[in-house]
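**Q** Handing over coords_22.pdb, PDB, C-alpha atoms, pLDDT in the B column.
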ATOM      1  CA  MET B   1      87.430  93.249 118.558  1.00 53.00           C
ATOM      2  CA  PRO B   2      89.446  96.345 119.649  1.00 59.00           C
ATOM      3  CA  GLU B   3      87.797  99.754 119.622  1.00 76.00           C
ATOM      4  CA  SER B   4      89.003 101.651 116.574  1.00 82.00           C
ATOM      5  CA  ARG B   5      90.732 105.003 117.009  1.00 88.00           C
ATOM      6  CA  ARG B   6      88.536 107.820 115.755  1.00 91.00           C
ATOM      7  CA  SER B   7      89.945 110.243 113.207  1.00 92.00           C
ATOM      8  CA  VAL B   8      88.527 112.616 110.629  1.00 93.00           C
ATOM      9  CA  LEU B   9      90.081 110.579 107.821  1.00 93.00           C
ATOM     10  CA  ALA B  10      88.603 107.327 109.170  1.00 95.00           C
ATOM     11  CA  LEU B  11      85.230 109.061 109.406  1.00 95.00           C
ATOM     12  CA  ALA B  12      85.521 110.135 105.764  1.00 94.00           C
ATOM     13  CA  VAL B  13      86.501 106.630 104.606  1.00 95.00           C
ATOM     14  CA  LEU B  14      83.567 105.042 106.404  1.00 97.00           C
ATOM     15  CA  SER B  15      81.231 107.694 105.035  1.00 94.00           C
ATOM     16  CA  MET B  16      82.422 107.146 101.447  1.00 93.00           C
ATOM     17  CA  LEU B  17      81.897 103.418 101.815  1.00 97.00           C
ATOM     18  CA  THR B  18      78.248 103.886 102.851  1.00 96.00           C
ATOM     19  CA  GLU B  19      77.605 104.880  99.224  1.00 95.00           C
ATOM     20  CA  GLU B  20      79.156 101.839  97.560  1.00 96.00           C
ATOM     21  CA  PRO B  21      82.229  99.607  97.708  1.00 97.00           C
ATOM     22  CA  MET B  22      85.302 101.366  96.326  1.00 95.00           C
ATOM     23  CA  HIS B  23      89.081 101.405  96.285  1.00 92.00           C
ATOM     24  CA  ALA B  24      91.312 103.824  98.162  1.00 91.00           C
ATOM     25  CA  TYR B  25      92.227 105.987  95.177  1.00 89.00           C
ATOM     26  CA  ARG B  26      88.537 106.545  94.344  1.00 91.00           C
ATOM     27  CA  MET B  27      87.856 107.560  97.954  1.00 92.00           C
ATOM     28  CA  GLN B  28      90.694 110.063  97.868  1.00 90.00           C
ATOM     29  CA  GLN B  29      89.468 111.485  94.552  1.00 90.00           C
ATOM     30  CA  LEU B  30      85.848 111.764  95.740  1.00 91.00           C
ATOM     31  CA  ILE B  31      86.970 113.613  98.860  1.00 90.00           C
ATOM     32  CA  LYS B  32      88.830 116.097  96.652  1.00 88.00           C
ATOM     33  CA  THR B  33      86.080 116.372  94.017  1.00 88.00           C
ATOM     34  CA  ARG B  34      83.495 117.074  96.693  1.00 87.00           C
ATOM     35  CA  ARG B  35      85.819 119.634  98.302  1.00 84.00           C
ATOM     36  CA  LYS B  36      85.908 117.686 101.537  1.00 86.00           C
ATOM     37  CA  ASP B  37      89.714 118.016 101.445  1.00 84.00           C
ATOM     38  CA  ASP B  38      89.172 121.372 103.153  1.00 83.00           C
ATOM     39  CA  VAL B  39      88.158 119.435 106.271  1.00 86.00           C
ATOM     40  CA  VAL B  40      89.843 116.059 105.639  1.00 88.00           C
ATOM     41  CA  ASN B  41      93.588 115.858 105.005  1.00 86.00           C
ATOM     42  CA  VAL B  42      94.095 113.494 102.061  1.00 82.00           C
ATOM     43  CA  SER B  43      97.216 115.129 100.698  1.00 80.00           C
ATOM     44  CA  GLN B  44      99.225 111.977 101.435  1.00 77.00           C
ATOM     45  CA  ARG B  45      97.701 108.969  99.684  1.00 73.00           C
ATOM     46  CA  ASN B  46      99.620 106.689 102.037  1.00 85.00           C
ATOM     47  CA  SER B  47      97.617 108.000 105.008  1.00 89.00           C
ATOM     48  CA  VAL B  48      94.407 106.912 103.249  1.00 91.00           C
ATOM     49  CA  TYR B  49      95.800 103.389 102.776  1.00 92.00           C
ATOM     50  CA  GLN B  50      97.018 103.218 106.380  1.00 94.00           C
ATOM     51  CA  THR B  51      93.622 104.341 107.656  1.00 95.00           C
ATOM     52  CA  ILE B  52      91.851 101.725 105.541  1.00 95.00           C
ATOM     53  CA  GLN B  53      94.186  98.995 106.804  1.00 95.00           C
ATOM     54  CA  ARG B  54      93.449 100.005 110.391  1.00 96.00           C
ATOM     55  CA  LEU B  55      89.692  99.934 109.693  1.00 97.00           C
ATOM     56  CA  VAL B  56      90.038  96.472 108.093  1.00 97.00           C
ATOM     57  CA  ARG B  57      92.031  95.249 111.104  1.00 96.00           C
ATOM     58  CA  ASP B  58      89.329  96.589 113.430  1.00 96.00           C
ATOM     59  CA  GLY B  59      86.526  94.927 111.467  1.00 96.00           C
ATOM     60  CA  LEU B  60      84.882  98.167 110.327  1.00 97.00           C
ATOM     61  CA  VAL B  61      85.783  97.676 106.660  1.00 97.00           C
ATOM     62  CA  ALA B  62      86.137  94.460 104.663  1.00 97.00           C
ATOM     63  CA  VAL B  63      87.853  93.573 101.408  1.00 96.00           C
ATOM     64  CA  VAL B  64      85.413  92.902  98.560  1.00 95.00           C
ATOM     65  CA  GLY B  65      87.961  91.940  95.965  1.00 92.00           C
ATOM     66  CA  ILE B  66      91.279  92.656  94.289  1.00 90.00           C
ATOM     67  CA  GLU B  67      91.520  93.508  90.616  1.00 87.00           C
ATOM     68  CA  ARG B  68      94.351  94.263  88.274  1.00 79.00           C
ATOM     69  CA  ALA B  69      93.732  95.986  84.952  1.00 76.00           C
ATOM     70  CA  GLU B  70      96.325  95.976  82.187  1.00 77.00           C
ATOM     71  CA  ASN B  71      99.389  98.082  83.001  1.00 77.00           C
ATOM     72  CA  ARG B  72      97.774  99.306  86.217  1.00 76.00           C
ATOM     73  CA  PRO B  73      98.619  98.615  89.820  1.00 78.00           C
ATOM     74  CA  GLU B  74      96.530  96.186  91.797  1.00 84.00           C
ATOM     75  CA  ARG B  75      93.410  97.755  93.321  1.00 89.00           C
ATOM     76  CA  THR B  76      91.639  96.449  96.375  1.00 93.00           C
ATOM     77  CA  THR B  77      87.966  97.309  96.715  1.00 95.00           C
ATOM     78  CA  TYR B  78      86.519  97.739 100.195  1.00 97.00           C
ATOM     79  CA  ARG B  79      83.040  97.830 101.724  1.00 97.00           C
ATOM     80  CA  ILE B  80      81.778  99.025 105.083  1.00 98.00           C
ATOM     81  CA  THR B  81      80.682  96.364 107.594  1.00 97.00           C
ATOM     82  CA  ASP B  82      77.707  96.531 109.959  1.00 97.00           C
ATOM     83  CA  ALA B  83      80.170  97.315 112.757  1.00 97.00           C
ATOM     84  CA  GLY B  84      81.575 100.078 110.546  1.00 97.00           C
ATOM     85  CA  ARG B  85      78.119 101.623 110.062  1.00 97.00           C
ATOM     86  CA  ALA B  86      77.475 101.542 113.810  1.00 97.00           C
ATOM     87  CA  THR B  87      80.891 103.052 114.537  1.00 97.00           C
ATOM     88  CA  LEU B  88      80.369 105.779 111.926  1.00 97.00           C
ATOM     89  CA  ALA B  89      77.093 106.788 113.607  1.00 97.00           C
ATOM     90  CA  ASP B  90      78.718 106.701 117.069  1.00 96.00           C
ATOM     91  CA  TRP B  91      81.649 108.828 115.911  1.00 96.00           C
ATOM     92  CA  LEU B  92      79.382 111.366 114.228  1.00 96.00           C
ATOM     93  CA  ARG B  93      77.215 111.732 117.323  1.00 96.00           C
ATOM     94  CA  ALA B  94      80.298 112.169 119.533  1.00 94.00           C
ATOM     95  CA  MET B  95      82.014 114.629 117.189  1.00 93.00           C
ATOM     96  CA  LEU B  96      78.881 116.753 116.856  1.00 93.00           C
ATOM     97  CA  ALA B  97      78.023 116.748 120.547  1.00 95.00           C
ATOM     98  CA  SER B  98      81.390 117.096 122.309  1.00 92.00           C
ATOM     99  CA  PRO B  99      83.880 119.909 121.711  1.00 90.00           C
ATOM    100  CA  THR B 100      87.434 118.588 121.885  1.00 88.00           C
ATOM    101  CA  ALA B 101      90.744 120.285 122.496  1.00 85.00           C
ATOM    102  CA  GLU B 102      92.411 121.089 119.197  1.00 85.00           C
ATOM    103  CA  TYR B 103      95.829 122.639 118.865  1.00 85.00           C
ATOM    104  CA  PRO B 104      95.934 124.971 115.863  1.00 88.00           C
ATOM    105  CA  GLU B 105      99.030 127.058 115.178  1.00 92.00           C
ATOM    106  CA  PHE B 106      97.497 130.524 115.411  1.00 95.00           C
ATOM    107  CA  PRO B 107      96.536 130.506 119.116  1.00 94.00           C
ATOM    108  CA  ALA B 108      99.937 128.989 119.887  1.00 94.00           C
ATOM    109  CA  ALA B 109     101.642 131.815 117.968  1.00 95.00           C
ATOM    110  CA  LEU B 110      99.549 134.389 119.850  1.00 96.00           C
ATOM    111  CA  SER B 111     100.656 132.902 123.157  1.00 93.00           C
ATOM    112  CA  PHE B 112     104.294 133.540 122.220  1.00 93.00           C
ATOM    113  CA  LEU B 113     103.753 136.945 120.573  1.00 94.00           C
ATOM    114  CA  PRO B 114     106.229 138.815 122.849  1.00 93.00           C
ATOM    115  CA  ASN B 115     109.068 137.029 121.036  1.00 92.00           C
ATOM    116  CA  LEU B 116     108.479 139.451 118.174  1.00 94.00           C
ATOM    117  CA  SER B 117     108.715 143.208 118.356  1.00 93.00           C
ATOM    118  CA  PRO B 118     105.337 144.961 118.387  1.00 94.00           C
ATOM    119  CA  ALA B 119     106.090 146.297 114.891  1.00 94.00           C
ATOM    120  CA  ASP B 120     106.895 142.781 113.629  1.00 96.00           C
ATOM    121  CA  ALA B 121     103.695 141.463 115.170  1.00 96.00           C
ATOM    122  CA  VAL B 122     101.626 144.195 113.499  1.00 97.00           C
ATOM    123  CA  ALA B 123     103.216 143.451 110.114  1.00 97.00           C
ATOM    124  CA  ALA B 124     102.554 139.709 110.379  1.00 98.00           C
ATOM    125  CA  LEU B 125      99.002 140.165 111.657  1.00 98.00           C
ATOM    126  CA  THR B 126      98.238 142.738 108.939  1.00 98.00           C
ATOM    127  CA  LEU B 127      99.298 140.166 106.351  1.00 98.00           C
ATOM    128  CA  ARG B 128      97.028 137.650 108.090  1.00 98.00           C
ATOM    129  CA  VAL B 129      94.103 140.093 107.754  1.00 98.00           C
ATOM    130  CA  THR B 130      94.685 140.231 103.987  1.00 98.00           C
ATOM    131  CA  ARG B 131      94.856 136.455 103.711  1.00 98.00           C
ATOM    132  CA  LEU B 132      91.735 136.004 105.846  1.00 98.00           C
ATOM    133  CA  GLU B 133      89.865 138.501 103.653  1.00 98.00           C
ATOM    134  CA  GLU B 134      90.899 136.475 100.598  1.00 98.00           C
ATOM    135  CA  ARG B 135      89.830 133.217 102.250  1.00 96.00           C
ATOM    136  CA  LEU B 136      86.483 134.716 103.272  1.00 98.00           C
ATOM    137  CA  ALA B 137      85.829 135.859  99.697  1.00 98.00           C
ATOM    138  CA  ALA B 138      86.735 132.387  98.382  1.00 96.00           C
ATOM    139  CA  LEU B 139      84.378 130.733 100.866  1.00 96.00           C
ATOM    140  CA  ASP B 140      81.581 133.112  99.871  1.00 97.00           C
ATOM    141  CA  ARG B 141      82.118 132.143  96.225  1.00 96.00           C
ATOM    142  CA  GLU B 142      82.151 128.441  97.108  1.00 92.00           C
ATOM    143  CA  ILE B 143      78.923 128.712  99.118  1.00 94.00           C
ATOM    144  CA  ALA B 144      77.207 130.535  96.256  1.00 95.00           C
ATOM    145  CA  GLU B 145      78.468 128.000  93.688  1.00 92.00           C
ATOM    146  CA  VAL B 146      77.464 124.941  95.705  1.00 89.00           C
ATOM    147  CA  ALA B 147      73.994 126.425  96.298  1.00 92.00           C
ATOM    148  CA  THR B 148      73.391 126.367  92.537  1.00 94.00           C
ATOM    149  CA  PHE B 149      73.465 122.570  92.311  1.00 91.00           C
ATOM    150  CA  LEU B 150      73.279 120.996  95.799  1.00 88.00           C
ATOM    151  CA  PRO B 151      70.950 121.292  98.784  1.00 92.00           C
ATOM    152  CA  ARG B 152      72.324 123.388 101.648  1.00 93.00           C
ATOM    153  CA  LEU B 153      72.995 120.233 103.717  1.00 93.00           C
ATOM    154  CA  PHE B 154      75.977 119.393 101.497  1.00 89.00           C
ATOM    155  CA  GLY B 155      77.717 122.705 102.135  1.00 89.00           C
ATOM    156  CA  ILE B 156      77.180 123.295 105.826  1.00 93.00           C
ATOM    157  CA  GLU B 157      80.812 122.593 106.692  1.00 92.00           C
ATOM    158  CA  THR B 158      81.746 125.452 104.347  1.00 93.00           C
ATOM    159  CA  GLU B 159      79.213 127.699 106.084  1.00 95.00           C
ATOM    160  CA  TYR B 160      80.822 126.784 109.407  1.00 95.00           C
ATOM    161  CA  ARG B 161      84.331 127.481 108.109  1.00 94.00           C
ATOM    162  CA  ARG B 162      83.109 130.819 106.766  1.00 97.00           C
ATOM    163  CA  GLN B 163      81.766 131.815 110.206  1.00 97.00           C
ATOM    164  CA  VAL B 164      85.046 130.789 111.861  1.00 96.00           C
ATOM    165  CA  VAL B 165      87.119 132.768 109.335  1.00 97.00           C
ATOM    166  CA  ASP B 166      84.827 135.784 109.710  1.00 98.00           C
ATOM    167  CA  ALA B 167      85.154 135.696 113.518  1.00 98.00           C
ATOM    168  CA  GLU B 168      88.940 135.333 113.280  1.00 97.00           C
ATOM    169  CA  LEU B 169      89.148 138.204 110.784  1.00 98.00           C
ATOM    170  CA  ARG B 170      87.192 140.501 113.116  1.00 98.00           C
ATOM    171  CA  TYR B 171      89.405 139.471 116.050  1.00 98.00           C
ATOM    172  CA  VAL B 172      92.680 139.999 114.173  1.00 98.00           C
ATOM    173  CA  ARG B 173      91.547 143.402 112.853  1.00 98.00           C
ATOM    174  CA  ASP B 174      90.745 144.468 116.430  1.00 98.00           C
ATOM    175  CA  LEU B 175      94.073 143.099 117.677  1.00 98.00           C
ATOM    176  CA  VAL B 176      96.009 145.019 115.004  1.00 98.00           C
ATOM    177  CA  ALA B 177      94.120 148.190 115.953  1.00 98.00           C
ATOM    178  CA  ASP B 178      94.970 147.642 119.647  1.00 97.00           C
ATOM    179  CA  LEU B 179      98.636 147.051 118.822  1.00 97.00           C
ATOM    180  CA  ARG B 180      98.831 150.151 116.609  1.00 96.00           C
ATOM    181  CA  ALA B 181      97.162 152.279 119.302  1.00 96.00           C
ATOM    182  CA  GLU B 182      99.560 150.738 121.879  1.00 95.00           C
ATOM    183  CA  ARG B 183      96.669 149.472 124.005  1.00 96.00           C
ATOM    184  CA  ILE B 184      98.681 146.224 123.946  1.00 95.00           C
ATOM    185  CA  THR B 185     102.453 146.489 124.147  1.00 92.00           C
ATOM    186  CA  TRP B 186     105.473 144.794 125.642  1.00 91.00           C
ATOM    187  CA  PRO B 187     109.128 145.569 126.158  1.00 87.00           C
ATOM    188  CA  PHE B 188     111.393 144.446 123.338  1.00 82.00           C
ATOM    189  CA  VAL B 189     115.075 145.322 123.560  1.00 71.00           C
ATOM    190  CA  ASP B 190     117.866 144.487 121.116  1.00 70.00           C
ATOM    191  CA  GLY B 191     115.914 141.803 119.287  1.00 68.00           C
ATOM    192  CA  ALA B 192     114.692 140.017 122.413  1.00 70.00           C
ATOM    193  CA  PRO B 193     111.608 140.277 124.593  1.00 70.00           C
ATOM    194  CA  GLY B 194     112.139 142.272 127.778  1.00 63.00           C
ATOM    195  CA  ARG B 195     111.275 141.145 131.295  1.00 60.00           C
ATOM    196  CA  PHE B 196     107.745 141.594 132.578  1.00 54.00           C
ATOM    197  CA  GLY B 197     107.013 142.605 136.176  1.00 48.00           C
TER     198      GLY B 197
END
I'd like the structure from this file rewritten - as structure tokens, please.

**A**
Amino acid sequence: MPESRRSVLALAVLSMLTEEPMHAYRMQQLIKTRRKDDVVNVSQRNSVYQTIQRLVRDGLVAVVGIERAENRPERTTYRITDAGRATLADWLRAMLASPTAEYPEFPAALSFLPNLSPADAVAALTLRVTRLEERLAALDREIAEVATFLPRLFGIETEYRRQVVDAELRYVRDLVADLRAERITWPFVDGAPGRFG
């Protein structure tokens, strides 16, 4: 049996199936209802189906049955296999223990900042500060709400995201201050970055 490719969506599917057998649409809805769609991209239902098919092919998930209700599309119900449970545990241990290279947009944009004028950069980063403040407030509300009906364990990913947003907000505020005070600057002539050195 080939080793299955690890992904956050595959991890979520396997995790959902540890609870009970279910069909793809139910998995997608549970991920959204439980607010896991902040950490798992399920915006495209097709990606959920493709992930499930890959897990079936790799022997981590098995088909339980296919049903068709009146005027509804056919629904296939899936269950996790013993190999799926073992793989889920292996993936979780690896993901928790080993930082991996991720390629988010913001650090990439920072690396190409001299393609904007300093004034343009300050304007964009100031807008980012506002949006980060809004996101931080929303995360604080979510943490408080979840704490009213679930143990802390079920909201720790939100706590993590809150810490990351808070750190980014502090960094961007400091960067804007440095740009405004011209502690960081670069040549920018006629709409193009100037030469360095």

**Q** Excluding same-chain residues fewer than 4 positions from B:Arg75, what lies within 12 Å of it counting all atoms listed in the file, as a list in words?

**A** Met22, His23, Ala24, Tyr25, Arg26, Tyr49, Val63, Val64, Gly65, Ile66, Glu67, Arg68, Ala69, Glu70 and Asn71 of chain B

**Q** Hey, what comes out of the PyMOL selection byres ((chain B and resi 4) around 9) on this file? Could you write it as a list in words?

**A**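 So the PyMOL selection byres ((chain B and resi 4) around 9), applied here, picks out Met1, Pro2, Glu3, Arg5, Arg6, Arg54, Leu55, Arg57, Asp58, Gly59, Leu60 and Thr87 of chain B.
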
**Q** Since I can't run it myself right now, could you work out what the PyMOL selection byres ((chain B and resi 157) around 12) selects here and report it as a VMD selection string?

**A** chain B and resid 34 to 40 96 139 142 to 143 146 152 to 156 158 to 164

**Q** Go ahead and save the picked residues with C-alpha atoms, as a PDB file, in the frame of the given file.

**A**
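part25.pdb written:
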ATOM      1  CA  ARG B  34      83.495 117.074  96.693  1.00 87.00           C
ATOM      2  CA  ARG B  35      85.819 119.634  98.302  1.00 84.00           C
ATOM      3  CA  LYS B  36      85.908 117.686 101.537  1.00 86.00           C
ATOM      4  CA  ASP B  37      89.714 118.016 101.445  1.00 84.00           C
ATOM      5  CA  ASP B  38      89.172 121.372 103.153  1.00 83.00           C
ATOM      6  CA  VAL B  39      88.158 119.435 106.271  1.00 86.00           C
ATOM      7  CA  VAL B  40      89.843 116.059 105.639  1.00 88.00           C
ATOM      8  CA  LEU B  96      78.881 116.753 116.856  1.00 93.00           C
ATOM      9  CA  LEU B 139      84.378 130.733 100.866  1.00 96.00           C
ATOM     10  CA  GLU B 142      82.151 128.441  97.108  1.00 92.00           C
ATOM     11  CA  ILE B 143      78.923 128.712  99.118  1.00 94.00           C
ATOM     12  CA  VAL B 146      77.464 124.941  95.705  1.00 89.00           C
ATOM     13  CA  ARG B 152      72.324 123.388 101.648  1.00 93.00           C
ATOM     14  CA  LEU B 153      72.995 120.233 103.717  1.00 93.00           C
ATOM     15  CA  PHE B 154      75.977 119.393 101.497  1.00 89.00           C
ATOM     16  CA  GLY B 155      77.717 122.705 102.135  1.00 89.00           C
ATOM     17  CA  ILE B 156      77.180 123.295 105.826  1.00 93.00           C
ATOM     18  CA  THR B 158      81.746 125.452 104.347  1.00 93.00           C
ATOM     19  CA  GLU B 159      79.213 127.699 106.084  1.00 95.00           C
ATOM     20  CA  TYR B 160      80.822 126.784 109.407  1.00 95.00           C
ATOM     21  CA  ARG B 161      84.331 127.481 108.109  1.00 94.00           C
ATOM     22  CA  ARG B 162      83.109 130.819 106.766  1.00 97.00           C
ATOM     23  CA  GLN B 163      81.766 131.815 110.206  1.00 97.00           C
ATOM     24  CA  VAL B 164      85.046 130.789 111.861  1.00 96.00           C
TER      25      VAL B 164
END

**Q** Would you work out the distance separating atom CA of B:Thr51 from atom CA of B:Arg79, expressed in Å to one decimal?

**A**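 Atom CA of B:Thr51 sits 13.8 Å away from atom CA of B:Arg79.
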
**Q** What gap, in Å, lies between atom CA of B:Ala138 and atom CA of B:Val165?

**A** 11.0 Å

**Q** Starting from the shown file, work through the PyMOL selection byres ((chain B and resi 48) around 9) and note down what comes out as a CSV table (one decimal) with C-alpha atoms, in the coordinates of the input.

**A**
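Saved the output as selection.csv:
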chain,number,residue,atom,x,y,z
B,9,LEU,CA,90.1,110.6,107.8
B,10,ALA,CA,88.6,107.3,109.2
B,13,VAL,CA,86.5,106.6,104.6
B,24,ALA,CA,91.3,103.8,98.2
B,25,TYR,CA,92.2,106.0,95.2
B,27,MET,CA,87.9,107.6,98.0
B,28,GLN,CA,90.7,110.1,97.9
B,42,VAL,CA,94.1,113.5,102.1
B,44,GLN,CA,99.2,112.0,101.4
B,45,ARG,CA,97.7,109.0,99.7
B,46,ASN,CA,99.6,106.7,102.0
B,47,SER,CA,97.6,108.0,105.0
B,49,TYR,CA,95.8,103.4,102.8
B,50,GLN,CA,97.0,103.2,106.4
B,51,THR,CA,93.6,104.3,107.7
B,52,ILE,CA,91.9,101.7,105.5
B,53,GLN,CA,94.2,99.0,106.8

**Q** Using all atoms listed in the file, determine which residues lie at most 8 Å from stretch 120-127 of chain B, disregarding the query and same-chain residues fewer than 4 positions distant; provide the list as a count of residues only.

**A** 8

**Q** Please rebuild stretch 131-142 of chain B with N, CA and C atoms and return the result as a PDB file, in the coordinates of the input.

**A**
ATOM      1  N   ARG B 131      95.082 137.848 104.088  1.00 98.00           N
ATOM      2  CA  ARG B 131      94.856 136.455 103.711  1.00 98.00           C
ATOM      3  C   ARG B 131      93.504 135.949 104.192  1.00 98.00           C
ATOM      4  N   LEU B 132      93.063 136.393 105.354  1.00 98.00           N
ATOM      5  CA  LEU B 132      91.735 136.004 105.846  1.00 98.00           C
ATOM      6  C   LEU B 132      90.637 136.624 104.984  1.00 98.00           C
ATOM      7  N   GLU B 133      90.840 137.863 104.553  1.00 98.00           N
ATOM      8  CA  GLU B 133      89.865 138.501 103.653  1.00 98.00           C
ATOM      9  C   GLU B 133      89.753 137.715 102.351  1.00 98.00           C
ATOM     10  N   GLU B 134      90.904 137.278 101.831  1.00 98.00           N
ATOM     11  CA  GLU B 134      90.899 136.475 100.598  1.00 98.00           C
ATOM     12  C   GLU B 134      90.188 135.142 100.816  1.00 98.00           C
ATOM     13  N   ARG B 135      90.458 134.502 101.951  1.00 96.00           N
ATOM     14  CA  ARG B 135      89.830 133.217 102.250  1.00 96.00           C
ATOM     15  C   ARG B 135      88.324 133.378 102.420  1.00 96.00           C
ATOM     16  N   LEU B 136      87.908 134.456 103.077  1.00 98.00           N
ATOM     17  CA  LEU B 136      86.483 134.716 103.272  1.00 98.00           C
ATOM     18  C   LEU B 136      85.782 134.909 101.927  1.00 98.00           C
ATOM     19  N   ALA B 137      86.407 135.656 101.032  1.00 98.00           N
ATOM     20  CA  ALA B 137      85.829 135.859  99.697  1.00 98.00           C
ATOM     21  C   ALA B 137      85.735 134.535  98.942  1.00 98.00           C
ATOM     22  N   ALA B 138      86.760 133.693  99.052  1.00 96.00           N
ATOM     23  CA  ALA B 138      86.735 132.387  98.382  1.00 96.00           C
ATOM     24  C   ALA B 138      85.632 131.503  98.945  1.00 96.00           C
ATOM     25  N   LEU B 139      85.443 131.529 100.254  1.00 96.00           N
ATOM     26  CA  LEU B 139      84.378 130.733 100.866  1.00 96.00           C
ATOM     27  C   LEU B 139      83.004 131.234 100.445  1.00 96.00           C
ATOM     28  N   ASP B 140      82.848 132.554 100.349  1.00 97.00           N
ATOM     29  CA  ASP B 140      81.581 133.112  99.871  1.00 97.00           C
ATOM     30  C   ASP B 140      81.280 132.639  98.450  1.00 97.00           C
ATOM     31  N   ARG B 141      82.313 132.624  97.604  1.00 96.00           N
ATOM     32  CA  ARG B 141      82.118 132.143  96.225  1.00 96.00           C
ATOM     33  C   ARG B 141      81.748 130.662  96.216  1.00 96.00           C
ATOM     34  N   GLU B 142      82.424 129.875  97.055  1.00 92.00           N
ATOM     35  CA  GLU B 142      82.151 128.441  97.108  1.00 92.00           C
ATOM     36  C   GLU B 142      80.718 128.169  97.577  1.00 92.00           C
TER      37      GLU B 142
END
